[in-house]
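Below: structure.txt (compact mmCIF, C-alpha atoms and all ligand atoms)
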# COMPACT_ATOMS: atom_id res chain seq x y z
CA MET A 388 145.85 102.53 119.81
CA ASN A 389 149.17 100.85 119.75
CA ASN A 390 152.03 100.58 122.24
CA LYS A 391 154.47 98.80 119.98
CA SER A 392 157.73 100.68 119.44
CA PRO A 393 158.52 101.84 115.90
CA THR A 394 159.84 99.25 113.49
CA VAL A 395 162.51 100.04 110.93
CA ILE A 396 162.21 98.09 107.70
CA LYS A 397 165.32 98.09 105.52
CA ILE A 398 164.38 98.21 101.88
CA ARG A 399 166.64 97.32 98.97
CA ALA A 400 165.90 98.95 95.64
CA GLY A 401 168.29 98.61 92.72
CA GLY A 402 171.64 99.74 94.09
CA GLN A 403 169.99 101.78 96.84
CA HIS A 404 168.92 101.10 100.37
CA TYR A 405 166.37 103.05 102.31
CA LYS A 406 164.30 102.71 105.45
CA ALA A 407 160.61 102.68 106.20
CA VAL A 408 159.85 103.55 109.81
CA VAL A 409 156.44 102.35 111.01
CA GLY A 410 155.01 103.28 114.38
CA ALA A 411 152.59 105.33 116.41
CA ASN A 412 152.99 108.98 117.35
CA LEU A 413 155.93 109.48 114.98
CA PHE A 414 154.83 112.94 113.85
CA GLY A 415 155.81 114.37 117.22
CA LYS A 416 159.41 113.31 116.61
CA VAL A 417 159.69 113.37 112.85
CA GLN A 418 162.85 115.49 113.04
CA ALA A 419 164.68 112.72 114.91
CA THR A 420 164.07 110.36 111.98
CA ILE A 421 164.65 112.85 109.19
CA SER A 422 167.83 114.50 110.51
CA PRO A 423 170.17 111.49 110.28
CA ALA A 424 168.76 110.37 106.92
CA LEU A 425 169.11 113.84 105.40
CA ALA A 426 172.52 114.75 106.86
CA GLY A 427 174.29 116.94 104.31
CA HIS A 428 171.01 118.07 102.73
CA GLY A 429 169.04 121.24 103.27
CA PRO A 430 168.56 123.57 104.94
CA ARG A 431 165.83 124.42 102.44
CA CYS A 432 163.18 121.81 101.74
CA ALA A 433 159.63 121.63 100.43
CA ILE A 434 156.72 119.89 102.12
CA ILE A 435 154.33 119.05 99.29
CA THR A 436 150.88 118.16 100.56
CA ASP A 437 147.20 118.62 99.76
CA SER A 438 145.00 121.19 101.46
CA ASN A 439 143.13 118.60 103.61
CA VAL A 440 146.34 117.10 104.93
CA ALA A 441 147.99 120.52 105.28
CA ARG A 442 145.19 121.55 107.61
CA LEU A 443 145.61 118.42 109.73
CA PHE A 444 149.37 117.94 109.89
CA GLY A 445 151.17 120.63 107.85
CA ASP A 446 152.15 122.91 110.70
CA ARG A 447 153.25 120.06 112.93
CA ILE A 448 155.67 118.68 110.34
CA LYS A 449 156.91 122.15 109.41
CA GLN A 450 157.52 122.96 113.07
CA SER A 451 159.44 119.72 113.70
CA LEU A 452 161.78 120.44 110.81
CA THR A 453 162.29 124.05 111.80
CA THR A 454 163.38 123.05 115.32
CA VAL A 455 166.38 121.17 113.90
CA GLY A 456 167.47 123.96 111.56
CA PHE A 457 165.71 123.07 108.30
CA GLU A 458 163.92 125.82 106.40
CA PRO A 459 160.77 124.17 105.04
CA ILE A 460 158.21 125.75 102.74
CA LEU A 461 154.74 124.23 102.72
CA ILE A 462 153.25 123.74 99.25
CA PRO A 463 149.62 122.62 99.43
CA ILE A 464 147.82 121.54 96.26
CA PRO A 465 144.08 120.93 95.86
CA PRO A 466 143.14 117.40 97.02
CA GLY A 467 142.27 114.67 94.54
CA GLU A 468 143.41 112.95 91.39
CA ARG A 469 142.81 116.05 89.26
CA SER A 470 145.87 117.66 90.83
CA LYS A 471 148.20 114.96 89.52
CA THR A 472 149.19 116.84 86.35
CA LEU A 473 152.30 118.15 84.66
CA VAL A 474 150.95 121.69 85.03
CA GLN A 475 150.65 121.22 88.79
CA ALA A 476 154.14 119.66 88.97
CA GLY A 477 155.50 122.68 87.05
CA ALA A 478 153.76 125.10 89.41
CA ILE A 479 155.27 123.29 92.41
CA CYS A 480 158.76 123.49 90.85
CA ASP A 481 158.26 127.23 90.23
CA GLN A 482 157.44 127.76 93.90
CA MET A 483 160.50 125.77 94.92
CA ILE A 484 162.75 127.84 92.64
CA ALA A 485 161.22 131.07 93.91
CA ALA A 486 161.89 129.96 97.51
CA GLY A 487 165.55 129.35 96.70
CA LEU A 488 165.57 125.56 96.84
CA ASP A 489 168.63 124.06 95.16
CA ARG A 490 170.48 120.83 94.53
CA GLN A 491 171.05 120.34 98.27
CA SER A 492 167.34 120.60 99.01
CA PHE A 493 164.90 117.76 99.49
CA VAL A 494 161.19 117.17 99.06
CA ILE A 495 158.75 115.70 101.54
CA GLY A 496 155.50 114.24 100.22
CA LEU A 497 152.96 114.48 103.05
CA GLY A 498 149.65 112.92 102.03
CA GLY A 499 147.99 110.09 100.16
CA GLY A 500 149.04 108.46 96.90
CA VAL A 501 148.27 111.56 94.85
CA VAL A 502 150.72 113.66 96.85
CA GLY A 503 153.24 110.79 96.99
CA ASP A 504 153.19 110.38 93.21
CA ILE A 505 153.44 114.06 92.26
CA SER A 506 155.96 114.99 95.00
CA GLY A 507 158.13 112.04 93.98
CA PHE A 508 157.94 113.15 90.36
CA VAL A 509 158.96 116.70 91.34
CA ALA A 510 161.86 115.27 93.38
CA ALA A 511 162.91 113.19 90.36
CA ILE A 512 163.06 116.16 87.97
CA PHE A 513 164.03 119.11 90.18
CA GLU A 514 167.73 119.83 89.54
CA ARG A 515 167.74 116.41 87.81
CA GLY A 516 166.85 114.63 91.03
CA ILE A 517 166.86 115.49 94.75
CA PRO A 518 165.95 113.25 97.70
CA HIS A 519 162.32 112.40 98.38
CA VAL A 520 160.89 111.60 101.80
CA GLN A 521 157.50 109.91 101.80
CA ILE A 522 155.18 110.60 104.72
CA PRO A 523 152.05 108.71 103.65
CA THR A 524 148.81 109.59 105.41
CA THR A 525 146.39 107.09 103.84
CA LEU A 526 146.38 103.33 104.36
CA LEU A 527 146.65 102.80 100.61
CA ALA A 528 149.74 105.00 100.43
CA MET A 529 151.33 103.26 103.43
CA VAL A 530 150.89 99.71 102.14
CA ASP A 531 151.30 100.38 98.46
CA SER A 532 152.08 103.67 96.68
CA SER A 533 154.90 104.93 98.94
CA ILE A 534 156.93 101.78 98.30
CA GLY A 535 158.47 100.87 94.96
CA GLY A 536 159.66 104.21 93.58
CA LYS A 537 156.99 104.69 90.91
CA THR A 538 156.25 108.41 90.65
CA GLY A 539 154.32 110.33 88.05
CA VAL A 540 151.42 112.39 86.81
CA ASN A 541 148.39 111.83 84.59
CA THR A 542 147.70 113.30 81.16
CA SER A 543 144.36 113.79 79.44
CA ALA A 544 145.07 110.51 77.60
CA GLY A 545 145.38 108.43 80.74
CA LYS A 546 146.65 107.82 84.23
CA ASN A 547 150.33 107.77 85.18
CA LEU A 548 151.52 108.21 81.59
CA LEU A 549 154.42 110.48 82.58
CA GLY A 550 156.74 109.50 85.36
CA ALA A 551 160.03 108.31 86.69
CA VAL A 552 161.31 105.58 88.96
CA HIS A 553 162.69 107.59 91.89
CA HIS A 554 162.92 105.73 95.18
CA PRO A 555 162.37 107.67 98.38
CA LEU A 556 165.27 108.18 100.76
CA LEU A 557 163.01 107.52 103.72
CA VAL A 558 159.39 106.54 104.41
CA ILE A 559 157.68 107.51 107.68
CA ASP A 560 154.39 105.74 108.47
CA ASP A 561 152.64 107.09 111.55
CA VAL A 562 149.61 104.85 112.08
CA ASP A 563 147.97 107.48 114.30
CA VAL A 564 147.34 109.73 111.29
CA LEU A 565 144.88 107.16 109.96
CA LYS A 566 142.43 108.10 112.73
CA SER A 567 141.22 111.09 110.72
CA LEU A 568 140.93 109.18 107.45
CA PRO A 569 137.34 108.88 106.17
CA ARG A 570 136.09 105.33 106.57
CA ARG A 571 135.64 104.71 102.87
CA GLU A 572 139.25 105.82 102.23
CA PHE A 573 140.43 103.56 105.06
CA ASN A 574 138.59 100.54 103.70
CA GLN A 575 139.93 100.97 100.18
CA GLY A 576 143.45 100.34 101.52
CA PHE A 577 142.28 96.80 102.31
CA ALA A 578 141.78 96.04 98.63
CA GLU A 579 145.57 96.29 98.15
CA ILE A 580 146.22 94.40 101.40
CA ILE A 581 143.92 91.55 100.32
CA LYS A 582 145.60 91.61 96.88
CA HIS A 583 148.99 91.19 98.59
CA ALA A 584 147.60 88.29 100.64
CA ILE A 585 146.23 86.55 97.54
CA ILE A 586 149.41 86.85 95.50
CA ALA A 587 151.98 86.28 98.23
CA ASP A 588 150.80 85.43 101.73
CA ALA A 589 148.21 82.73 102.43
CA GLY A 590 148.92 83.10 106.16
CA MET A 591 147.95 86.77 106.14
CA PHE A 592 144.80 85.90 104.17
CA LYS A 593 143.86 83.33 106.80
CA LYS A 594 144.49 85.73 109.69
CA LEU A 595 142.41 88.44 108.05
CA THR A 596 139.62 85.96 107.36
CA GLN A 597 139.60 84.50 110.87
CA ALA A 598 139.60 87.89 112.49
CA SER A 599 137.31 89.81 110.19
CA GLY A 600 134.21 87.92 111.30
CA PRO A 601 130.91 88.09 109.48
CA PRO A 602 130.36 90.88 106.98
CA ILE A 603 129.51 94.19 108.58
CA GLY A 604 126.43 94.54 106.43
CA ARG A 605 124.95 93.34 103.21
CA THR A 606 126.87 94.44 100.13
CA ARG A 607 125.71 97.94 99.41
CA PRO A 608 125.89 99.63 96.06
CA MET A 609 128.92 101.91 95.87
CA ALA A 610 126.80 105.00 95.55
CA SER A 611 125.33 104.45 98.97
CA LEU A 612 128.60 103.79 100.77
CA HIS A 613 128.63 106.65 103.17
CA ILE A 614 131.78 108.40 104.28
CA LYS A 615 132.18 108.65 107.97
CA ASN A 616 135.09 108.89 110.30
CA SER A 617 137.16 105.74 110.38
CA SER A 618 137.90 105.71 114.08
CA GLU A 619 135.29 103.02 114.69
CA ALA A 620 136.89 100.83 112.06
CA LEU A 621 140.33 101.58 113.46
CA ILE A 622 139.40 100.64 116.98
CA ARG A 623 137.67 97.49 115.81
CA LEU A 624 140.38 96.46 113.41
CA PRO A 625 143.01 95.24 115.86
CA LEU A 626 140.29 93.25 117.60
CA ARG A 627 138.84 91.83 114.44
CA ALA A 628 142.15 91.30 112.73
CA GLY A 629 143.71 89.92 115.89
CA PHE A 630 146.97 91.66 115.17
CA ALA A 631 147.85 95.29 115.22
CA LEU A 632 147.48 97.61 112.31
CA GLN A 633 151.15 98.46 112.61
CA ARG A 634 152.18 94.84 112.07
CA LEU A 635 149.80 94.59 109.12
CA ILE A 636 151.34 97.66 107.47
CA GLU A 637 154.85 96.32 108.09
CA ARG A 638 154.03 92.99 106.46
CA ASN A 639 152.51 94.67 103.42
CA ILE A 640 155.54 96.92 102.95
CA GLU A 641 157.70 93.82 103.09
CA ILE A 642 155.60 91.97 100.50
CA LYS A 643 155.64 94.93 98.12
CA TRP A 644 159.35 95.77 98.33
CA LYS A 645 160.41 92.15 97.94
CA ILE A 646 158.40 91.81 94.74
CA VAL A 647 159.69 95.16 93.43
CA ALA A 648 163.30 94.24 94.28
CA LYS A 649 163.08 91.24 91.96
CA ASP A 650 161.94 93.37 89.01
CA GLU A 651 162.51 97.06 89.63
CA PHE A 652 161.73 98.23 86.10
CA ASP A 653 158.76 95.95 85.45
CA GLN A 654 160.50 93.78 82.90
CA ALA A 655 160.82 90.29 84.32
CA GLY A 656 157.10 89.79 84.93
CA GLU A 657 157.51 89.62 88.72
CA ARG A 658 156.39 93.21 89.41
CA ALA A 659 153.39 92.60 87.16
CA LEU A 660 152.00 90.30 89.87
CA LEU A 661 151.17 93.46 91.82
CA ASN A 662 148.68 94.19 89.05
CA PHE A 663 146.47 91.31 90.19
CA GLY A 664 142.89 92.62 89.97
CA HIS A 665 144.05 95.79 88.25
CA THR A 666 143.29 94.98 84.60
CA VAL A 667 139.55 94.95 85.21
CA GLY A 668 139.97 97.40 88.12
CA HIS A 669 141.53 100.08 85.91
CA ALA A 670 138.85 99.53 83.26
CA ILE A 671 136.14 100.05 85.90
CA GLU A 672 137.84 103.23 87.10
CA ALA A 673 137.95 104.53 83.53
CA ALA A 674 134.29 103.56 82.98
CA ALA A 675 133.40 105.54 86.12
CA TYR A 676 135.43 108.50 84.85
CA TYR A 677 137.68 108.25 87.94
CA ARG A 678 134.93 109.89 89.94
CA GLU A 679 132.26 107.66 91.36
CA ILE A 680 134.52 104.91 92.55
CA LEU A 681 137.76 104.89 94.52
CA HIS A 682 140.80 103.03 93.23
CA GLY A 683 140.59 100.39 95.96
CA GLU A 684 136.90 99.82 95.29
CA ALA A 685 137.58 99.28 91.58
CA VAL A 686 140.43 96.93 92.51
CA SER A 687 138.10 95.00 94.81
CA LEU A 688 135.79 94.34 91.84
CA GLY A 689 138.83 93.59 89.66
CA ILE A 690 140.04 91.03 92.22
CA VAL A 691 136.67 89.25 92.09
CA ALA A 692 136.85 89.19 88.26
CA ALA A 693 140.47 87.94 88.36
CA CYS A 694 139.38 85.13 90.72
CA THR A 695 136.58 84.15 88.31
CA VAL A 696 139.11 84.02 85.45
CA SER A 697 141.50 82.08 87.71
CA MET A 698 138.83 79.43 88.35
CA LYS A 699 138.50 78.86 84.62
CA LYS A 700 142.14 79.17 83.60
CA ALA A 701 144.30 78.42 86.63
CA GLY A 702 142.35 75.86 88.67
CA LEU A 703 141.38 78.15 91.56
CA GLN A 704 138.87 76.36 93.78
CA LYS A 705 135.41 77.89 94.03
CA GLU A 706 135.62 77.91 97.84
CA GLN A 707 138.73 80.07 97.62
CA ARG A 708 137.01 82.54 95.29
CA ASP A 709 134.09 82.68 97.70
CA ALA A 710 136.47 83.30 100.62
CA VAL A 711 138.02 86.23 98.73
CA VAL A 712 134.58 87.72 98.05
CA GLU A 713 133.62 87.36 101.69
CA LEU A 714 136.83 88.96 102.93
CA LEU A 715 136.45 91.96 100.59
CA HIS A 716 132.85 92.23 101.67
CA SER A 717 133.80 92.26 105.34
CA PHE A 718 135.87 95.39 104.71
CA GLU A 719 132.84 97.00 103.08
CA LEU A 720 134.40 96.78 99.64
CA PRO A 721 132.13 96.26 96.61
CA THR A 722 132.07 92.80 95.07
CA ARG A 723 129.21 93.39 92.59
CA LEU A 724 128.71 96.28 90.20
CA PRO A 725 125.68 98.48 90.81
CA LYS A 726 122.80 97.37 88.57
CA ASN A 727 122.81 100.44 86.35
CA PHE A 728 126.60 100.60 85.92
CA ARG A 729 127.65 101.11 82.29
CA ARG A 730 129.30 97.74 81.75
CA GLU A 731 129.87 98.37 78.05
CA LYS A 732 132.27 101.18 79.03
CA ILE A 733 134.35 98.66 80.98
CA LEU A 734 134.71 96.56 77.85
CA ASP A 735 135.61 99.67 75.82
CA ALA A 736 138.29 100.56 78.35
CA LEU A 737 139.66 97.01 78.24
CA ARG A 738 139.94 97.22 74.47
CA PHE A 739 142.05 100.37 74.80
CA ASP A 740 144.30 98.89 77.46
CA LYS A 741 147.95 99.26 76.40
CA LYS A 742 148.67 95.68 77.45
CA PHE A 743 146.20 94.25 74.96
CA ASN A 744 146.94 96.32 71.89
CA ARG A 745 149.67 94.07 70.65
CA GLY A 746 147.25 91.19 70.59
CA GLU A 747 148.77 89.27 73.45
CA ILE A 748 147.03 89.29 76.81
CA ARG A 749 149.11 89.01 79.96
CA PHE A 750 146.73 88.47 82.81
CA VAL A 751 147.66 87.75 86.42
CA VAL A 752 145.90 84.67 87.78
CA THR A 753 145.97 82.88 91.12
CA PRO A 754 145.87 79.08 91.14
CA LYS A 755 145.67 79.10 94.97
CA ILE A 756 145.54 81.84 97.58
CA GLY A 757 149.12 82.85 98.38
CA SER A 758 150.48 82.52 94.86
CA ALA A 759 150.05 84.13 91.46
CA HIS A 760 151.54 84.04 87.99
CA LEU A 761 151.20 85.70 84.62
CA SER A 762 149.17 83.76 82.13
CA SER A 763 149.01 84.10 78.37
CA GLU A 764 146.10 81.63 78.18
CA VAL A 765 143.46 84.14 79.19
CA THR A 766 141.29 85.43 76.35
CA MET A 767 139.31 88.63 76.06
CA GLU A 768 136.20 86.44 76.17
CA ASP A 769 137.22 85.06 79.60
CA ILE A 770 137.58 88.59 80.89
CA HIS A 771 134.22 89.65 79.41
CA GLU A 772 132.56 86.65 81.04
CA ALA A 773 134.05 87.55 84.40
CA VAL A 774 132.90 91.18 84.07
CA ALA A 775 129.40 89.97 83.14
CA GLN A 776 129.27 88.06 86.43
CA LEU A 777 130.12 91.12 88.52
N1 LIG A 801 153.15 104.95 92.88
C1 LIG A 801 152.50 103.81 93.06
O1 LIG A 801 153.10 102.74 93.06
C2 LIG A 801 151.03 103.85 93.28
C3 LIG A 801 150.37 102.67 93.71
C4 LIG A 801 148.99 102.75 93.99
C5 LIG A 801 148.32 103.95 93.82
N2 LIG A 801 149.00 105.06 93.39
C6 LIG A 801 148.30 106.34 93.22
O2 LIG A 801 147.79 106.75 94.48
C7 LIG A 801 146.69 107.62 94.25
C8 LIG A 801 145.58 107.28 95.22
O3 LIG A 801 146.05 107.48 96.53
P1 LIG A 801 145.08 107.65 97.78
O4 LIG A 801 144.04 106.62 97.72
O5 LIG A 801 145.94 107.73 98.99
O6 LIG A 801 144.31 109.02 97.46
P2 LIG A 801 144.55 110.56 97.80
O7 LIG A 801 145.98 110.91 97.87
O8 LIG A 801 143.68 111.31 96.86
O9 LIG A 801 143.93 110.69 99.27
C9 LIG A 801 142.56 110.43 99.49
C10 LIG A 801 141.85 111.55 100.26
O10 LIG A 801 142.15 111.44 101.64
C11 LIG A 801 142.58 112.70 102.15
N3 LIG A 801 143.51 112.37 103.24
C12 LIG A 801 144.77 111.90 103.12
N4 LIG A 801 145.25 111.59 104.32
C13 LIG A 801 144.30 111.89 105.24
C14 LIG A 801 144.21 111.76 106.65
N5 LIG A 801 145.20 111.21 107.37
N6 LIG A 801 143.07 112.18 107.24
C15 LIG A 801 142.03 112.69 106.52
N7 LIG A 801 142.05 112.81 105.17
C16 LIG A 801 143.18 112.41 104.55
C17 LIG A 801 143.16 113.41 100.98
O11 LIG A 801 143.14 114.82 101.15
C18 LIG A 801 142.24 112.96 99.85
O12 LIG A 801 141.11 113.75 99.81
C19 LIG A 801 146.31 107.48 92.79
O13 LIG A 801 146.74 108.63 92.10
C20 LIG A 801 147.12 106.27 92.33
O14 LIG A 801 147.47 106.35 90.96
C21 LIG A 801 150.32 105.02 93.12
ZN ZN A 802 146.31 99.61 93.12

Would you mind writing the structure in this file as structure tokens?
Amino acid sequence: MNNKSPTVIKIRAGGQHYKAVVGANLFGKVQATISPALAGHGPRCAIITDSNVARLFGDRIKQSLTTVGFEPILIPIPPGERSKTLVQAGAICDQMIAAGLDRQSFVIGLGGGVVGDISGFVAAIFERGIPHVQIPTTLLAMVDSSIGGKTGVNTSAGKNLLGAVHHPLLVIDDVDVLKSLPRREFNQGFAEIIKHAIIADAGMFKKLTQASGPPIGRTRPMASLHIKNSSEALIRLPLRAGFALQRLIERNIEIKWKIVAKDEFDQAGERALLNFGHTVGHAIEAAAYYREILHGEAVSLGIVAACTVSMKKAGLQKEQRDAVVELLHSFELPTRLPKNFRREKILDALRFDKKFNRGEIRFVVTPKIGSAHLSSEVTMEDIHEAVAQL
């Protein structure tokens, strides 16, 4: 798919530095990347993964580590958001203790964002903090969740309510692993990529638009989006996008870490820009009970709503909103809610949003593709209007 040699991106986070290595066929030589970064750690380590990913790549990673003297244990958890709990994190820690892992040990998170978040949380609390290596296997995890150090689990009261900021020591992105990713999972990664383009990179937006061509099909209701292997999309992508997937992932890592570096603990307002499209997106996820709709699909709808609000409150041109809708559409992402969707639940979820309880609304708007800012001018009515148009 890609003959480019691996790229090493140096990431600054707080007082720490770490590397993200992006390339093809990295899993065959994972030990060569891990060994220098983890010198002085081990030999025992845990590979936390989910059962789908374990089946695909678990043995290969375990084998690579064993050949250089590490003693890995593989800890698979059931796939999906329902595994991201404190109980599951506790069970993982128990297995690590039983296997004799200690303060010198390290944790590898091999999987999508669910695995990345819970394995990072385990690494943050085990022996008060041991190193975490992220090996993301979904596009969303590569371009978003593996970067920035946010780790955590859900509670029955909401998503990501317990957590810690614990940056990884190393991130390894092997683009080849995306070949087995279901198409719908692959496409949802583009919601975050398009979000990055809107808030920070007009050039990337233009390249994606020029290369993506006409929409693949008419917008289909989410329920009928069928899951099929993504290889077709993967093969087509470099052609359509005009630049390799590897380069695209690299650019998105760069955008995310640079925003995070300015505001590691989410206090200055800079990191909040990454929430573009997420206020309405999260409310849609909640209204769908985190089941019928993937995170990226909800964010796609949230981006459309945020663009509608931006037209009213930040001077975004209608043509730019239309271009955003078209681009999302061309990656088979939803831009309209299905007819029978329970819209009133979205409004309920918005009312319960932590950000709104104190009466002040901080909403991320874009005045022009490539830039974004927090606005306190947006009212609940503006948001309701935008949801009504979805
Ligand atoms: N920490 C952050 O900053 C951050 C940011 C965004 C999202 N997240 C979190 O990320 C999670 C969503 O992540 P996700 O979308 O990657 O979902 P996920 O981890 O559930 O993975 C999606 C599905 O794809 C499967 N899969 C993973 N890699 C595969 C591969 N290479 N081939 C075939 N199947 C594969 C998984 O088994 C799973 O069924 C959410 O919990 C969200 O809260 C965190
Ligand atoms: Zn997101």

(request) Excluding stretch 670-678 of chain A and residues on its chain fewer than 5 positions from it, collect all residues at most 12 Å away from it, counting only C-alpha atoms, and give them as number ranges by chain. (result) A: 467-469, 541, 543-546, 609-610, 664-665, 683-690, 692, 723-725, 727-741, 770-771, 774, 777

(request) Identify the residues around (139.9, 125.7, 101.7) within a radius of 9 Å, measuring from only C-alpha atoms in the coordinates stated by the file, and give them as a PyMOL selection string. (result) chain A and resi 438-439+442+465

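The smallest atom-to-atom distance between ligand ZN 802 (chain A) and any of A:Lys649, A:Lys582, A:Arg708, A:Lys755, using only C-alpha atoms and all ligand atoms, is found for A:Lys582.
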
Tell me, counting all atoms listed in the file, for each residue of chain A within 8 Å of ligand ZN 802 (chain A), which pair of atoms is nearest and how far apart they are in Å to one decimal, in rows ordered by chain and increasing number, as a tab-separated table.
residue	atom	partner	partner_atom	distance
A:Asp531	CA	A:ZN802	ZN	7.3
A:Ser532	CA	A:ZN802	ZN	7.9
A:Ala578	CA	A:ZN802	ZN	8.0
A:Glu579	CA	A:ZN802	ZN	6.1
A:Leu661	CA	A:ZN802	ZN	7.9
A:Asn662	CA	A:ZN802	ZN	7.2
A:His665	CA	A:ZN802	ZN	6.6
A:His682	CA	A:ZN802	ZN	6.5
A:Gly683	CA	A:ZN802	ZN	6.4
A:Val686	CA	A:ZN802	ZN	6.5

(request) Between A:Val494, A:Ala528, A:Ala411, A:Ile462, single out the one closest to ligand LIG 801 (chain A), counting all atoms listed in the file. (result) A:Ala528

(request) Just give me the gap between atom CA of A:Phe508 and atom CA of A:Thr525 in Å, one decimal is fine. (result) 18.8 Å

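You will find atom CA of A:Pro463 at 25.8 Å from atom CA of A:Pro423.
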
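Counting only C-alpha atoms and all ligand atoms, the residue from A:Thr454, A:Gln521, A:Gln633, A:Ser392 that sits nearest to ligand LIG 801 (chain A) is A:Gln521.
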
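For the atom pair formed by atom CA of A:Thr524 and atom CA of A:Val711, the distance is 26.6 Å, given to one decimal.
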
(message) I need the residue nearest A:Ala589 from this list: A:Met698, A:Ala759, A:Val647, A:Ile640. Use all atoms listed in the file for the distance.
(response) A:Ala759

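Of the residues listed (A:Thr753, A:Asn639, A:Gln575, A:Gln704), A:Asn639 shows the shortest atom-to-atom separation from A:Ile534; distances use all atoms listed in the file.
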
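Taking all atoms listed in the file into account, A:Gly757 lies nearest to A:Ala584 out of the set A:Ala584, A:Val509, A:Val691, A:Ile559.
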
Nearby residues (all atoms listed in the file) at most 9 Å from A:Ala433, same-chain spacing under 3 positions excluded, as a PDB file with C-alpha atoms, in the frame of the given file:
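After the write, selection13.pdb holds the following:
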ATOM      1  CA  GLU A 458     163.920 125.820 106.400  1.00  0.00           C
ATOM      2  CA  PRO A 459     160.770 124.170 105.040  1.00  0.00           C
ATOM      3  CA  ILE A 460     158.210 125.750 102.740  1.00  0.00           C
ATOM      4  CA  LEU A 461     154.740 124.230 102.720  1.00  0.00           C
ATOM      5  CA  ILE A 462     153.250 123.740  99.250  1.00  0.00           C
ATOM      6  CA  MET A 483     160.500 125.770  94.920  1.00  0.00           C
ATOM      7  CA  LEU A 488     165.570 125.560  96.840  1.00  0.00           C
ATOM      8  CA  SER A 492     167.340 120.600  99.010  1.00  0.00           C
ATOM      9  CA  PHE A 493     164.900 117.760  99.490  1.00  0.00           C
ATOM     10  CA  VAL A 494     161.190 117.170  99.060  1.00  0.00           C
ATOM     11  CA  ILE A 495     158.750 115.700 101.540  1.00  0.00           C
ATOM     12  CA  GLY A 496     155.500 114.240 100.220  1.00  0.00           C
TER      13      GLY A 496
END

(request) Please determine the residues with any atom at most 12 Å from (158.6, 109.6, 115.7) (coordinates as given in the file, with all atoms listed in the file counting) and report them as an MDAnalysis selection string. (result) chainID A and resid 392:395 407:422 448 451 522 558:563
